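Below is the file work35.txt, which contains compact mmCIF, C-alpha atoms (C1' of nucleotides).
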# COMPACT_ATOMS: atom_id res chain seq x y z
CA MET A 1 0.00 0.00 0.00
CA ILE A 2 1.24 3.43 -0.89
CA ILE A 3 0.94 6.14 1.70
CA GLY A 4 -1.93 8.41 0.87
CA MET A 5 -3.60 5.84 -1.30
CA LYS A 6 -7.16 5.27 -0.24
CA THR A 7 -7.98 1.71 0.71
CA ASP A 8 -11.66 2.10 0.01
CA GLU A 9 -11.52 3.05 -3.60
CA PHE A 10 -10.76 1.70 -7.02
CA LYS A 11 -9.18 4.32 -9.21
CA TYR A 12 -7.24 4.57 -12.42
CA GLU A 13 -4.80 7.42 -12.75
CA LEU A 14 -3.37 8.24 -16.16
CA VAL A 15 0.26 9.07 -15.39
CA HIS A 16 1.64 9.70 -18.85
CA LYS A 17 0.56 9.37 -22.43
CA ASP A 18 3.12 8.46 -25.06
CA LYS A 19 3.70 11.37 -27.44
CA ASN A 20 3.63 9.25 -30.58
CA SER A 21 0.93 6.69 -29.91
CA ASN A 22 -2.05 5.97 -27.73
CA ALA A 23 0.08 3.95 -25.32
CA ARG A 24 -0.45 5.06 -21.76
CA LEU A 25 1.27 4.68 -18.44
CA GLY A 26 -1.10 4.39 -15.54
CA LEU A 27 -1.48 3.64 -11.86
CA LEU A 28 -4.32 1.54 -10.65
CA ASN A 29 -5.30 1.84 -7.01
CA VAL A 30 -7.02 -1.43 -6.21
CA PHE A 31 -8.36 -0.63 -2.75
CA GLY A 32 -4.99 0.38 -1.44
CA LYS A 33 -2.93 -2.02 -3.55
CA LEU A 34 -0.96 -0.50 -6.40
CA VAL A 35 -0.79 -1.82 -9.94
CA GLU A 36 1.30 -0.07 -12.57
CA THR A 37 -0.09 -0.34 -16.06
CA PRO A 38 0.25 -1.60 -18.74
CA VAL A 39 0.30 -4.82 -16.77
CA PHE A 40 0.32 -8.55 -17.45
CA MET A 41 -1.71 -10.67 -15.06
CA PRO A 42 -0.67 -14.31 -14.57
CA VAL A 43 -3.62 -16.66 -14.64
CA GLY A 44 -4.43 -18.69 -11.55
CA THR A 45 -7.60 -20.40 -12.63
CA GLN A 46 -8.18 -22.57 -9.59
CA ALA A 47 -6.86 -20.21 -6.93
CA THR A 48 -3.30 -21.07 -7.88
CA VAL A 49 -0.98 -20.01 -10.64
CA LYS A 50 -0.19 -23.58 -11.58
CA PHE A 51 3.03 -24.70 -9.87
CA LEU A 52 3.71 -21.29 -8.30
CA ASP A 53 3.12 -20.27 -4.72
CA PRO A 54 2.47 -16.66 -3.62
CA GLN A 55 6.16 -16.07 -2.96
CA ASP A 56 7.01 -17.13 -6.52
CA ILE A 57 4.30 -14.80 -7.82
CA LYS A 58 5.84 -11.87 -5.97
CA ASN A 59 9.37 -12.80 -6.99
CA ILE A 60 8.57 -12.64 -10.70
CA GLY A 61 7.20 -9.13 -10.22
CA ALA A 62 3.51 -9.85 -10.75
CA SER A 63 1.34 -7.15 -9.19
CA ILE A 64 -2.07 -8.68 -9.87
CA ILE A 65 -3.32 -12.13 -10.82
CA LEU A 66 -6.43 -13.60 -12.36
CA SER A 67 -8.68 -16.35 -11.11
CA ASN A 68 -11.85 -17.89 -12.40
CA THR A 69 -15.45 -17.89 -11.28
CA TYR A 70 -16.56 -20.98 -13.15
CA HIS A 71 -13.79 -23.20 -11.81
CA LEU A 72 -14.00 -21.96 -8.23
CA TRP A 73 -17.76 -22.27 -8.25
CA LEU A 74 -17.55 -25.93 -9.28
CA ARG A 75 -14.69 -26.58 -6.88
CA PRO A 76 -14.33 -25.88 -4.00
CA GLY A 77 -17.57 -23.89 -4.25
CA SER A 78 -18.75 -20.51 -2.99
CA GLU A 79 -19.47 -21.75 0.52
CA VAL A 80 -15.91 -22.91 1.14
CA LEU A 81 -14.51 -19.64 -0.16
CA LYS A 82 -16.89 -17.68 2.07
CA LYS A 83 -15.89 -19.73 5.09
CA ALA A 84 -12.23 -19.25 4.21
CA GLY A 85 -12.81 -15.52 4.39
CA GLY A 86 -12.35 -15.02 0.65
CA ILE A 87 -9.85 -16.08 -1.95
CA HIS A 88 -6.98 -14.00 -0.55
CA ASN A 89 -7.09 -15.85 2.74
CA PHE A 90 -7.81 -19.13 1.05
CA MET A 91 -4.70 -19.07 -1.15
CA ASN A 92 -2.65 -16.88 1.17
CA TYR A 93 -2.05 -14.23 -1.47
CA ASP A 94 -2.55 -10.59 -0.50
CA GLY A 95 -2.10 -8.97 -3.91
CA PRO A 96 -4.97 -7.87 -6.12
CA ILE A 97 -7.02 -10.61 -7.75
CA LEU A 98 -9.33 -10.27 -10.73
CA THR A 99 -11.93 -12.94 -11.43
CA ASP A 100 -13.18 -13.72 -14.88
CA SER A 101 -16.94 -14.12 -14.90
CA GLY A 102 -17.10 -17.74 -15.98
CA GLY A 103 -18.74 -16.73 -19.21
CA PHE A 104 -15.80 -17.82 -21.31
CA GLN A 105 -15.57 -21.26 -19.65
CA VAL A 106 -19.27 -21.88 -20.08
CA PHE A 107 -18.70 -21.41 -23.79
CA SER A 108 -15.28 -22.98 -24.16
CA LEU A 109 -15.47 -26.17 -22.14
CA ALA A 110 -18.94 -26.96 -20.86
CA ASP A 111 -21.09 -29.36 -22.88
CA ASN A 112 -24.74 -29.15 -23.78
CA ARG A 113 -25.03 -25.45 -23.16
CA LYS A 114 -28.18 -23.57 -23.93
CA ILE A 115 -28.33 -19.83 -23.93
CA SER A 116 -31.52 -18.13 -22.87
CA GLU A 117 -32.34 -14.61 -21.85
CA GLU A 118 -32.15 -15.74 -18.25
CA GLY A 119 -28.64 -17.20 -18.50
CA VAL A 120 -26.81 -20.32 -19.63
CA SER A 121 -27.58 -23.94 -18.78
CA PHE A 122 -24.76 -26.40 -19.30
CA LYS A 123 -23.14 -29.56 -18.01
CA SER A 124 -20.23 -29.52 -15.60
CA HIS A 125 -16.95 -30.63 -17.17
CA LEU A 126 -16.12 -32.32 -13.86
CA ASP A 127 -19.05 -34.66 -13.33
CA GLY A 128 -21.56 -33.92 -16.07
CA SER A 129 -24.12 -32.52 -13.67
CA LYS A 130 -26.58 -30.01 -15.06
CA LEU A 131 -25.88 -26.45 -13.98
CA PHE A 132 -27.21 -23.01 -14.69
CA MET A 133 -25.50 -19.64 -14.44
CA SER A 134 -27.18 -16.29 -14.73
CA PRO A 135 -25.46 -12.89 -14.77
CA GLU A 136 -26.63 -12.41 -11.18
CA ASP A 137 -25.21 -15.82 -10.17
CA SER A 138 -21.86 -14.90 -11.63
CA ILE A 139 -21.74 -11.66 -9.64
CA HIS A 140 -22.86 -13.34 -6.42
CA ILE A 141 -20.22 -16.03 -6.81
CA GLN A 142 -17.54 -13.41 -7.46
CA GLU A 143 -18.65 -11.56 -4.36
CA ALA A 144 -18.34 -14.77 -2.36
CA ILE A 145 -14.93 -15.40 -3.85
CA GLY A 146 -13.97 -11.92 -2.74
CA SER A 147 -11.86 -10.89 -5.70
CA ASP A 148 -10.85 -7.24 -6.05
CA ILE A 149 -12.12 -6.93 -9.60
CA ALA A 150 -15.16 -8.78 -10.93
CA ILE A 151 -16.13 -9.14 -14.57
CA SER A 152 -19.62 -9.04 -16.08
CA PHE A 153 -21.04 -12.29 -17.36
CA ASP A 154 -20.86 -12.08 -21.15
CA GLU A 155 -21.19 -14.25 -24.21
CA CYS A 156 -17.91 -14.77 -26.01
CA ILE A 157 -19.07 -15.72 -29.48
CA PRO A 158 -16.98 -17.70 -31.95
CA TYR A 159 -15.29 -16.25 -34.99
CA PRO A 160 -16.66 -15.86 -37.53
CA SER A 161 -20.22 -15.06 -36.48
CA SER A 162 -22.88 -13.48 -38.62
CA TYR A 163 -23.83 -9.86 -38.14
CA GLU A 164 -27.32 -10.86 -37.06
CA TYR A 165 -26.13 -13.32 -34.45
CA THR A 166 -23.52 -10.88 -33.17
CA LYS A 167 -26.08 -8.10 -32.88
CA ASP A 168 -28.46 -10.28 -30.85
CA SER A 169 -25.60 -11.49 -28.70
CA VAL A 170 -24.30 -7.97 -28.03
CA ASP A 171 -27.77 -6.87 -26.96
CA ARG A 172 -28.03 -9.84 -24.64
CA THR A 173 -24.56 -9.22 -23.23
CA LEU A 174 -25.56 -5.61 -22.57
CA ARG A 175 -28.72 -6.68 -20.76
CA TRP A 176 -26.65 -9.17 -18.77
CA ALA A 177 -24.15 -6.43 -17.93
CA LYS A 178 -26.94 -4.23 -16.57
CA ARG A 179 -28.40 -7.06 -14.53
CA GLY A 180 -24.99 -7.94 -13.14
CA LYS A 181 -24.32 -4.36 -12.21
CA ASP A 182 -27.67 -4.09 -10.44
CA ALA A 183 -26.93 -7.29 -8.53
CA HIS A 184 -23.49 -6.13 -7.46
CA THR A 185 -23.37 -4.87 -3.87
CA ARG A 186 -19.78 -5.09 -2.64
CA LYS A 187 -18.12 -1.72 -2.20
CA ASN A 188 -14.62 -3.16 -2.05
CA GLN A 189 -14.85 -4.92 -5.39
CA ALA A 190 -14.64 -3.22 -8.77
CA LEU A 191 -16.79 -4.38 -11.68
CA PHE A 192 -15.82 -4.31 -15.35
CA GLY A 193 -18.11 -4.55 -18.36
CA VAL A 194 -17.10 -6.54 -21.43
CA VAL A 195 -17.18 -5.16 -24.96
CA GLN A 196 -18.16 -7.72 -27.57
CA GLY A 197 -19.24 -7.20 -31.20
CA SER A 198 -16.89 -9.48 -33.09
CA GLU A 199 -15.42 -7.82 -36.21
CA TYR A 200 -18.27 -5.37 -36.79
CA PRO A 201 -17.27 -1.73 -36.24
CA ASP A 202 -20.74 -0.45 -35.46
CA LEU A 203 -21.44 -3.26 -33.00
CA ARG A 204 -18.15 -2.75 -31.18
CA LYS A 205 -18.84 0.97 -30.97
CA TYR A 206 -22.43 0.42 -29.87
CA CYS A 207 -21.46 -2.13 -27.23
CA ALA A 208 -18.72 0.11 -25.84
CA GLN A 209 -20.93 3.18 -25.72
CA GLU A 210 -23.81 1.37 -24.05
CA LEU A 211 -21.49 -0.07 -21.42
CA VAL A 212 -19.93 3.31 -20.76
CA LYS A 213 -23.40 4.69 -20.08
CA MET A 214 -23.70 2.14 -17.29
CA ASN A 215 -20.50 3.53 -15.78
CA PHE A 216 -18.39 0.50 -14.99
CA ASP A 217 -15.11 0.71 -13.06
CA GLY A 218 -13.23 -0.55 -16.10
CA TYR A 219 -13.82 -2.03 -19.52
CA SER A 220 -12.77 -5.37 -20.90
CA ILE A 221 -12.36 -6.10 -24.57
CA GLY A 222 -13.53 -9.62 -25.25
CA GLY A 223 -14.03 -11.79 -28.29
CA THR A 224 -10.53 -11.23 -29.68
CA SER A 225 -7.99 -13.90 -30.58
CA VAL A 226 -10.72 -16.44 -31.12
CA GLY A 227 -9.53 -17.58 -34.53
CA GLU A 228 -9.47 -14.36 -36.54
CA ASP A 229 -6.32 -13.22 -38.34
CA LYS A 230 -4.03 -10.62 -36.77
CA LYS A 231 -5.26 -7.78 -38.95
CA THR A 232 -8.86 -8.41 -37.94
CA HIS A 233 -7.83 -8.82 -34.32
CA TYR A 234 -6.18 -5.39 -34.23
CA GLU A 235 -9.07 -3.83 -36.11
CA MET A 236 -11.39 -5.05 -33.38
CA LEU A 237 -9.30 -2.95 -30.99
CA ASP A 238 -9.44 0.02 -33.33
CA TYR A 239 -13.22 -0.24 -33.42
CA THR A 240 -13.44 -0.32 -29.64
CA LEU A 241 -10.84 1.81 -27.91
CA PRO A 242 -11.93 5.25 -29.16
CA TYR A 243 -15.22 4.78 -27.32
CA LEU A 244 -13.75 3.92 -23.94
CA PRO A 245 -13.18 6.68 -21.36
CA GLU A 246 -9.63 7.83 -20.60
CA ASP A 247 -10.13 7.72 -16.86
CA LYS A 248 -10.93 4.00 -16.67
CA PRO A 249 -8.69 0.97 -17.22
CA ARG A 250 -9.01 -1.07 -20.41
CA TYR A 251 -8.37 -4.77 -20.28
CA GLU A 252 -7.99 -7.04 -23.30
CA MET A 253 -8.90 -10.51 -22.19
CA GLY A 254 -6.84 -13.59 -22.92
CA ILE A 255 -3.93 -11.98 -24.73
CA GLY A 256 -0.32 -13.07 -24.20
CA ALA A 257 1.58 -13.16 -27.48
CA VAL A 258 4.18 -10.40 -27.52
CA ASN A 259 3.08 -8.85 -30.81
CA ASP A 260 -0.55 -8.81 -29.64
CA ILE A 261 0.43 -7.13 -26.38
CA LEU A 262 2.53 -4.49 -28.16
CA GLU A 263 -0.19 -3.72 -30.70
CA ALA A 264 -2.78 -3.41 -27.96
CA VAL A 265 -0.62 -1.21 -25.74
CA GLU A 266 0.01 1.05 -28.71
CA ARG A 267 -3.75 1.47 -29.02
CA GLY A 268 -4.21 2.25 -25.34
CA VAL A 269 -4.90 -1.06 -23.60
CA ASP A 270 -3.76 -1.29 -19.97
CA MET A 271 -4.30 -4.83 -18.78
CA PHE A 272 -3.70 -8.33 -20.14
CA ASP A 273 -4.00 -11.88 -18.96
CA CYS A 274 -3.23 -15.11 -20.70
CA VAL A 275 -2.66 -18.78 -20.05
CA LEU A 276 -0.18 -18.83 -22.89
CA PRO A 277 3.08 -18.34 -20.93
CA THR A 278 2.23 -20.92 -18.30
CA ARG A 279 0.60 -23.41 -20.63
CA ILE A 280 3.38 -23.45 -23.19
CA ALA A 281 5.90 -23.61 -20.34
CA ARG A 282 4.31 -26.81 -19.11
CA HIS A 283 4.56 -28.18 -22.62
CA GLY A 284 8.23 -27.28 -22.89
CA THR A 285 8.11 -24.08 -24.96
CA LEU A 286 9.90 -21.03 -23.63
CA MET A 287 9.92 -17.39 -24.67
CA THR A 288 13.42 -15.97 -24.43
CA SER A 289 15.44 -12.96 -25.58
CA GLN A 290 16.84 -15.29 -28.25
CA GLY A 291 13.40 -16.27 -29.47
CA ARG A 292 11.47 -19.42 -28.93
CA ILE A 293 13.10 -22.45 -27.32
CA THR A 294 11.52 -25.90 -27.30
CA ILE A 295 13.34 -27.33 -24.32
CA ARG A 296 12.30 -30.94 -24.86
CA LYS A 297 14.43 -31.24 -27.98
CA ASN A 298 17.35 -33.60 -27.95
CA ILE A 299 19.85 -30.83 -28.77
CA TYR A 300 19.42 -29.49 -25.23
CA LYS A 301 20.10 -32.71 -23.38
CA ASP A 302 23.71 -31.74 -22.77
CA ASP A 303 23.50 -27.97 -23.21
CA PHE A 304 24.71 -26.57 -19.93
CA SER A 305 24.08 -22.92 -20.73
CA PRO A 306 21.27 -20.93 -19.11
CA LEU A 307 17.87 -20.82 -20.78
CA ASP A 308 18.11 -17.07 -21.32
CA PRO A 309 21.36 -15.30 -20.41
CA ASN A 310 19.52 -11.97 -20.38
CA CYS A 311 16.88 -13.05 -17.90
CA ASP A 312 16.97 -12.39 -14.17
CA CYS A 313 14.52 -15.10 -13.11
CA GLU A 314 15.19 -17.90 -10.66
CA CYS A 315 15.23 -20.42 -13.49
CA CYS A 316 17.78 -18.63 -15.65
CA LYS A 317 20.03 -17.59 -12.78
CA ASN A 318 20.36 -21.07 -11.30
CA TYR A 319 19.76 -23.80 -13.85
CA THR A 320 20.84 -25.06 -17.27
CA LYS A 321 18.96 -26.05 -20.39
CA ALA A 322 20.19 -29.61 -19.94
CA TYR A 323 18.63 -29.74 -16.49
CA LEU A 324 15.36 -28.29 -17.76
CA ASN A 325 15.37 -30.79 -20.64
CA HIS A 326 15.81 -33.57 -18.11
CA LEU A 327 13.10 -32.25 -15.79
CA TYR A 328 10.71 -31.97 -18.73
CA ARG A 329 11.33 -35.51 -19.92
CA ALA A 330 11.12 -36.88 -16.42
CA ASN A 331 7.84 -35.00 -16.00
CA GLU A 332 9.06 -33.45 -12.79
CA GLY A 333 7.07 -30.71 -11.12
CA LEU A 334 10.14 -28.56 -10.62
CA GLY A 335 10.48 -28.24 -14.38
CA ASN A 336 6.93 -26.99 -14.65
CA ARG A 337 7.57 -24.51 -11.89
CA LEU A 338 10.87 -23.17 -13.22
CA MET A 339 9.65 -22.87 -16.80
CA SER A 340 6.39 -21.21 -15.70
CA ILE A 341 8.43 -18.76 -13.64
CA HIS A 342 10.60 -18.01 -16.64
CA ASN A 343 7.83 -17.41 -19.17
CA LEU A 344 5.89 -15.24 -16.74
CA ARG A 345 8.99 -13.27 -15.83
CA PHE A 346 9.69 -12.79 -19.55
CA LEU A 347 6.30 -11.16 -20.11
CA ILE A 348 6.34 -9.18 -16.88
CA LYS A 349 9.80 -7.85 -17.76
CA LEU A 350 8.43 -6.92 -21.18
CA MET A 351 5.69 -4.92 -19.45
CA GLU A 352 8.30 -3.19 -17.27
CA ASP A 353 10.25 -2.24 -20.38
CA ILE A 354 7.07 -1.08 -22.08
CA ARG A 355 6.20 1.19 -19.14
CA LEU A 356 9.65 2.72 -19.16
CA ALA A 357 9.46 3.29 -22.90
CA ILE A 358 6.08 5.03 -22.59
CA LYS A 359 7.40 7.20 -19.78
CA GLU A 360 10.25 8.29 -22.05
CA ASP A 361 8.01 8.78 -25.09
CA ARG A 362 9.77 6.12 -27.12
CA PHE A 363 7.17 3.36 -27.16
CA VAL A 364 6.86 3.22 -30.96
CA GLU A 365 10.61 2.70 -31.40
CA PHE A 366 10.66 0.26 -28.55
CA LYS A 367 7.92 -1.80 -30.16
CA LYS A 368 9.59 -1.81 -33.56
CA ASP A 369 12.92 -2.68 -32.02
CA PHE A 370 11.54 -5.44 -29.86
CA LEU A 371 9.66 -7.11 -32.70
CA GLU A 372 12.68 -6.93 -34.98
CA LYS A 373 15.02 -8.43 -32.42
CA SER A 374 12.74 -10.90 -30.71
CA ASN A 375 12.98 -13.78 -33.19
CA PHE A 376 9.44 -14.95 -32.57
CA ASP A 377 7.27 -15.96 -35.49
CA GLU A 378 4.12 -14.13 -36.60
CA ARG A 379 2.16 -15.69 -33.76
CA GLY A 380 4.21 -13.71 -31.30
CA PHE A 381 5.68 -16.48 -29.16
C1' G B 1 22.82 -84.87 -18.36
C1' C B 2 17.23 -85.30 -19.12
C1' G B 3 12.41 -82.86 -19.77
C1' G B 4 9.37 -78.37 -20.40
C1' U B 5 8.71 -73.17 -21.76
C1' C B 6 10.29 -69.05 -24.34
C1' G B 7 13.38 -65.96 -27.92
C1' U B 8 9.00 -60.21 -32.26
C1' G B 9 11.37 -52.36 -32.69
C1' G B 10 15.00 -48.56 -27.67
C1' U B 11 11.43 -51.06 -23.78
C1' G B 12 6.94 -54.03 -22.31
C1' A B 13 4.46 -56.88 -25.29
C1' A B 14 -0.15 -58.60 -29.20
C1' G B 15 0.02 -61.70 -33.18
C1' U B 16 -6.76 -66.50 -35.08
C1' U B 17 -6.95 -73.40 -37.86
C1' G B 18 0.21 -70.47 -41.78
C1' G B 19 -2.48 -65.69 -46.26
C1' U B 20 -2.70 -58.18 -48.25
C1' U B 21 0.88 -52.45 -45.63
C1' A B 22 3.53 -56.91 -37.87
C1' A B 23 -1.82 -54.50 -32.89
C1' C B 24 -1.28 -51.60 -28.63
C1' A B 25 1.46 -48.93 -24.87
C1' C B 26 5.87 -46.43 -23.31
C1' A B 27 10.16 -44.10 -25.27
C1' C B 28 11.99 -41.22 -29.32
C1' U B 29 11.37 -37.21 -33.46
C1' A B 30 8.58 -33.01 -35.35
C1' G B 31 4.39 -29.82 -34.85
C1' A B 32 0.26 -27.50 -32.01
C1' U B 33 -0.89 -24.34 -27.67
C1' U B 34 -3.94 -16.67 -26.62
C1' G B 35 -10.55 -14.53 -20.67
C1' U B 36 -6.22 -22.82 -18.41
C1' G B 37 -9.76 -29.54 -17.90
C1' G B 38 -1.04 -29.31 -15.25
C1' C B 39 1.10 -34.53 -16.56
C1' U B 40 -2.71 -32.43 -23.28
C1' C B 41 -3.51 -32.83 -28.62
C1' U B 42 -1.71 -34.02 -33.81
C1' A B 43 1.69 -36.41 -36.95
C1' G B 44 6.00 -39.45 -37.72
C1' C B 45 9.16 -43.59 -36.36
C1' A B 46 10.11 -51.55 -37.18
C1' C B 47 13.19 -54.04 -45.65
C1' U B 48 11.12 -57.35 -40.12
C1' C B 49 9.91 -61.56 -36.13
C1' G B 50 17.61 -65.08 -32.14
C1' C B 51 20.46 -67.71 -36.23
C1' G B 52 20.58 -71.57 -40.27
C1' A B 53 18.01 -74.99 -43.25
C1' G B 54 13.39 -77.28 -44.76
C1' U B 55 7.84 -77.93 -45.91
C1' U B 56 4.41 -74.66 -48.74
C1' C B 57 1.81 -70.82 -54.04
C1' G B 58 2.66 -68.35 -49.23
C1' A B 59 5.72 -68.92 -42.35
C1' G B 60 6.48 -64.52 -36.90
C1' U B 61 3.11 -68.55 -37.14
C1' C B 62 4.65 -75.82 -39.10
C1' U B 63 9.45 -79.24 -39.11
C1' C B 64 14.71 -80.05 -38.10
C1' G B 65 19.27 -78.13 -36.44
C1' U B 66 21.84 -74.47 -33.71
C1' C B 67 22.65 -70.53 -30.11
C1' G B 68 20.63 -68.02 -25.87
C1' A B 69 17.25 -67.34 -21.61
C1' U B 70 14.36 -69.66 -17.99
C1' C B 71 11.87 -73.47 -14.96
C1' G B 72 11.74 -78.50 -13.16
C1' C B 73 14.22 -83.21 -12.37
C1' C B 74 18.69 -86.12 -11.75
Show me the file's structure as structure tokens.
Amino acid sequence: MIIGMKTDEFKYELVHKDKNSNARLGLLNVFGKLVETPVFMPVGTQATVKFLDPQDIKNIGASIILSNTYHLWLRPGSEVLKKAGGIHNFMNYDGPILTDSGGFQVFSLADNRKISEEGVSFKSHLDGSKLFMSPEDSIHIQEAIGSDIAISFDECIPYPSSYEYTKDSVDRTLRWAKRGKDAHTRKNQALFGVVQGSEYPDLRKYCAQELVKMNFDGYSIGGTSVGEDKKTHYEMLDYTLPYLPEDKPRYEMGIGAVNDILEAVERGVDMFDCVLPTRIARHGTLMTSQGRITIRKNIYKDDFSPLDPNCDCECCKNYTKAYLNHLYRANEGLGNRLMSIHNLRFLIKLMEDIRLAIKEDRFVEFKKDFLEKSNFDERGF
RNA sequence: GCGGUCGUGGUGAAGUUGGUUAACACACUAGAUUGUGGCUCUAGCACUCGCGAGUUCGAGUCUCGUCGAUCGCC
């Protein structure tokens, strides 16, 4: 907590705007806990960033993490989290936590879902039981979880979707946003609305403007990176960001490739989360200053150099590629932990560099430079 | 010494009454991975059935020999 920072408010402060782009440096006061933006939020779906404990999370420089309403609702359930005194107590992590609404999971991994005006019925991926989630349910669960930032329950539609379907869906998502906002009672929890609208400029604009009228604490941009090409992806941002207020944080959901992050920051996005760094780490793919390294390959079995000589993480400072190759092949938990730490640190360090570049009005050069030197392919990892 | 059983890829092993491209798993190799179902998904990888000879149109599958492993008996 910073002295003078109010512990009872959620506030975004625009610190500096880059002279040559829409990139912006900001400070987010999350009820007394400080988050510098642009920021990358590690994902801890089930009240844990897989393989990392809270000390690891702090050590890599993460200032806020993400968790998930759908997963925590199914297990351990709202009652347990209430009894625990909220997710911070439960997982022994005192930093800010944002919860996704569960909307995405209902659409991405639950079977037999049916969307109605009231909400979504679907089958649990754990035991197949029939469940139902309404926008109000999502908010109530997030209040029980006790996250610092809650997200409106929205429909993340596939790409491509027809204009007609998208229009209907946007209207429903807006009605759901209103209902969620009306159901939200916690004063010490911020609530973000989610802009949908697929690739359609007027629908993105409409959705953003209608949400802004409802005056949320921040605005998420959803429905990107769902199969569209990069050009379309960035256009979706172009169609959305001009309609979001300057004094509120903007969060693009589910983004973690370096080119996507840089393009979004350039357009004025402040917050990101993604499973990408941790998921690919567990599968043996690492993002480094030399480009992409697939650690499971045979060429690393006796390579005793560090994973990334330019990285300051626990993994790179203390261990060799050969050791990581061995840990991967032996399916040892330590490998998952070290490689997750590295990939997260890589992105968090990128965000630190981005913030410095914005502060010094050289973001555009920084971006160009980074992309030229990074050796990643067009996917951005 | 006698009798039985077995001998298939890096590994464990399927292989009907002998019949097209030798199952499957692990390992290995190469991909995938963006609001997380950690240990996932996709694809590839065996001129060959211990060795030699024979029977047959055709043998991993039958016969003989030989080498090796293993069990039992003396």
For each of B:C26, B:G15, B:C39, B:G7, take the minimum atom-to-atom distance to chain A, counting only C-alpha atoms (C1' of nucleotides), then give the residue where this is smallest.
-> B:C39
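What chain A places within 6 Å of chain B, counting all atoms listed in the file, is Met253, Gly254, Ile255, Gly256, Val275 and Leu276 of chain A.
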Using all atoms listed in the file, which residues sit within 6 Å of segment 89-103 of chain A once same-chain residues fewer than 3 positions away are excluded, as a ChimeraX atom specification?
-> /A:54,64-70,84-86,106,138,147-154
Point (-32.5, -16.9, -21.9), cut-off 12 Å, counting only C-alpha atoms (C1' of nucleotides), residues as a list in words =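 Those residues, ordered by chain and then number, are Arg113, Lys114, Ile115, Ser116, Glu117, Glu118, Gly119, Val120, Ser121, Phe132, Met133, Ser134, Pro135, Glu155, Asp168, Ser169, Arg172, Thr173, Arg175 and Trp176 of chain A.
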Measure the distance from atom CA of Phe192 of chain A to atom CA of Lys248 of chain A in Å and round it to one decimal.
-> 9.7 Å
d(atom CA of Asn336 of chain A, atom CA of Gln46 of chain A) in Å |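 The value is 16.5 Å.
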Please, what distance in Å, to one decimal, runs between atom CA of Leu241 of chain A and atom CA of Val195 of chain A?
->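 About the pair atom CA of Leu241 of chain A and atom CA of Val195 of chain A: they are 9.9 Å apart.
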Kindly add N, CA and C atoms to the incomplete segment 185-197 of chain A and provide the output as an mmCIF file, in the frame of the given file.
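Produced file out31.cif, reproduced below:
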data_model
loop_
_atom_site.group_PDB
_atom_site.id
_atom_site.type_symbol
_atom_site.label_atom_id
_atom_site.label_comp_id
_atom_site.auth_asym_id
_atom_site.auth_seq_id
_atom_site.Cartn_x
_atom_site.Cartn_y
_atom_site.Cartn_z
ATOM 1 N N THR A 185 -23.186 -5.684 -5.087
ATOM 2 C CA THR A 185 -23.370 -4.870 -3.870
ATOM 3 C C THR A 185 -22.046 -4.543 -3.178
ATOM 4 N N ARG A 186 -21.024 -5.309 -3.394
ATOM 5 C CA ARG A 186 -19.780 -5.090 -2.640
ATOM 6 C C ARG A 186 -19.131 -3.762 -2.998
ATOM 7 N N LYS A 187 -18.776 -3.012 -1.977
ATOM 8 C CA LYS A 187 -18.120 -1.720 -2.200
ATOM 9 C C LYS A 187 -16.631 -1.886 -2.450
ATOM 10 N N ASN A 188 -16.066 -2.966 -1.901
ATOM 11 C CA ASN A 188 -14.620 -3.160 -2.050
ATOM 12 C C ASN A 188 -14.286 -4.140 -3.189
ATOM 13 N N GLN A 189 -15.095 -4.097 -4.213
ATOM 14 C CA GLN A 189 -14.850 -4.920 -5.390
ATOM 15 C C GLN A 189 -15.272 -4.122 -6.615
ATOM 16 N N ALA A 190 -14.329 -3.940 -7.536
ATOM 17 C CA ALA A 190 -14.640 -3.220 -8.770
ATOM 18 C C ALA A 190 -15.375 -4.144 -9.727
ATOM 19 N N LEU A 191 -16.077 -3.571 -10.680
ATOM 20 C CA LEU A 191 -16.790 -4.380 -11.680
ATOM 21 C C LEU A 191 -16.541 -3.808 -13.073
ATOM 22 N N PHE A 192 -16.088 -4.700 -13.962
ATOM 23 C CA PHE A 192 -15.820 -4.310 -15.350
ATOM 24 C C PHE A 192 -16.917 -4.841 -16.267
ATOM 25 N N GLY A 193 -17.239 -4.062 -17.302
ATOM 26 C CA GLY A 193 -18.110 -4.550 -18.360
ATOM 27 C C GLY A 193 -17.258 -5.096 -19.506
ATOM 28 N N VAL A 194 -17.852 -5.927 -20.342
ATOM 29 C CA VAL A 194 -17.100 -6.540 -21.430
ATOM 30 C C VAL A 194 -17.656 -6.143 -22.795
ATOM 31 N N VAL A 195 -16.788 -5.556 -23.608
ATOM 32 C CA VAL A 195 -17.180 -5.160 -24.960
ATOM 33 C C VAL A 195 -17.065 -6.349 -25.901
ATOM 34 N N GLN A 196 -18.171 -6.680 -26.538
ATOM 35 C CA GLN A 196 -18.160 -7.720 -27.570
ATOM 36 C C GLN A 196 -18.468 -7.039 -28.903
ATOM 37 N N GLY A 197 -18.901 -7.798 -29.910
ATOM 38 C CA GLY A 197 -19.240 -7.200 -31.200
ATOM 39 C C GLY A 197 -18.442 -7.768 -32.359
#
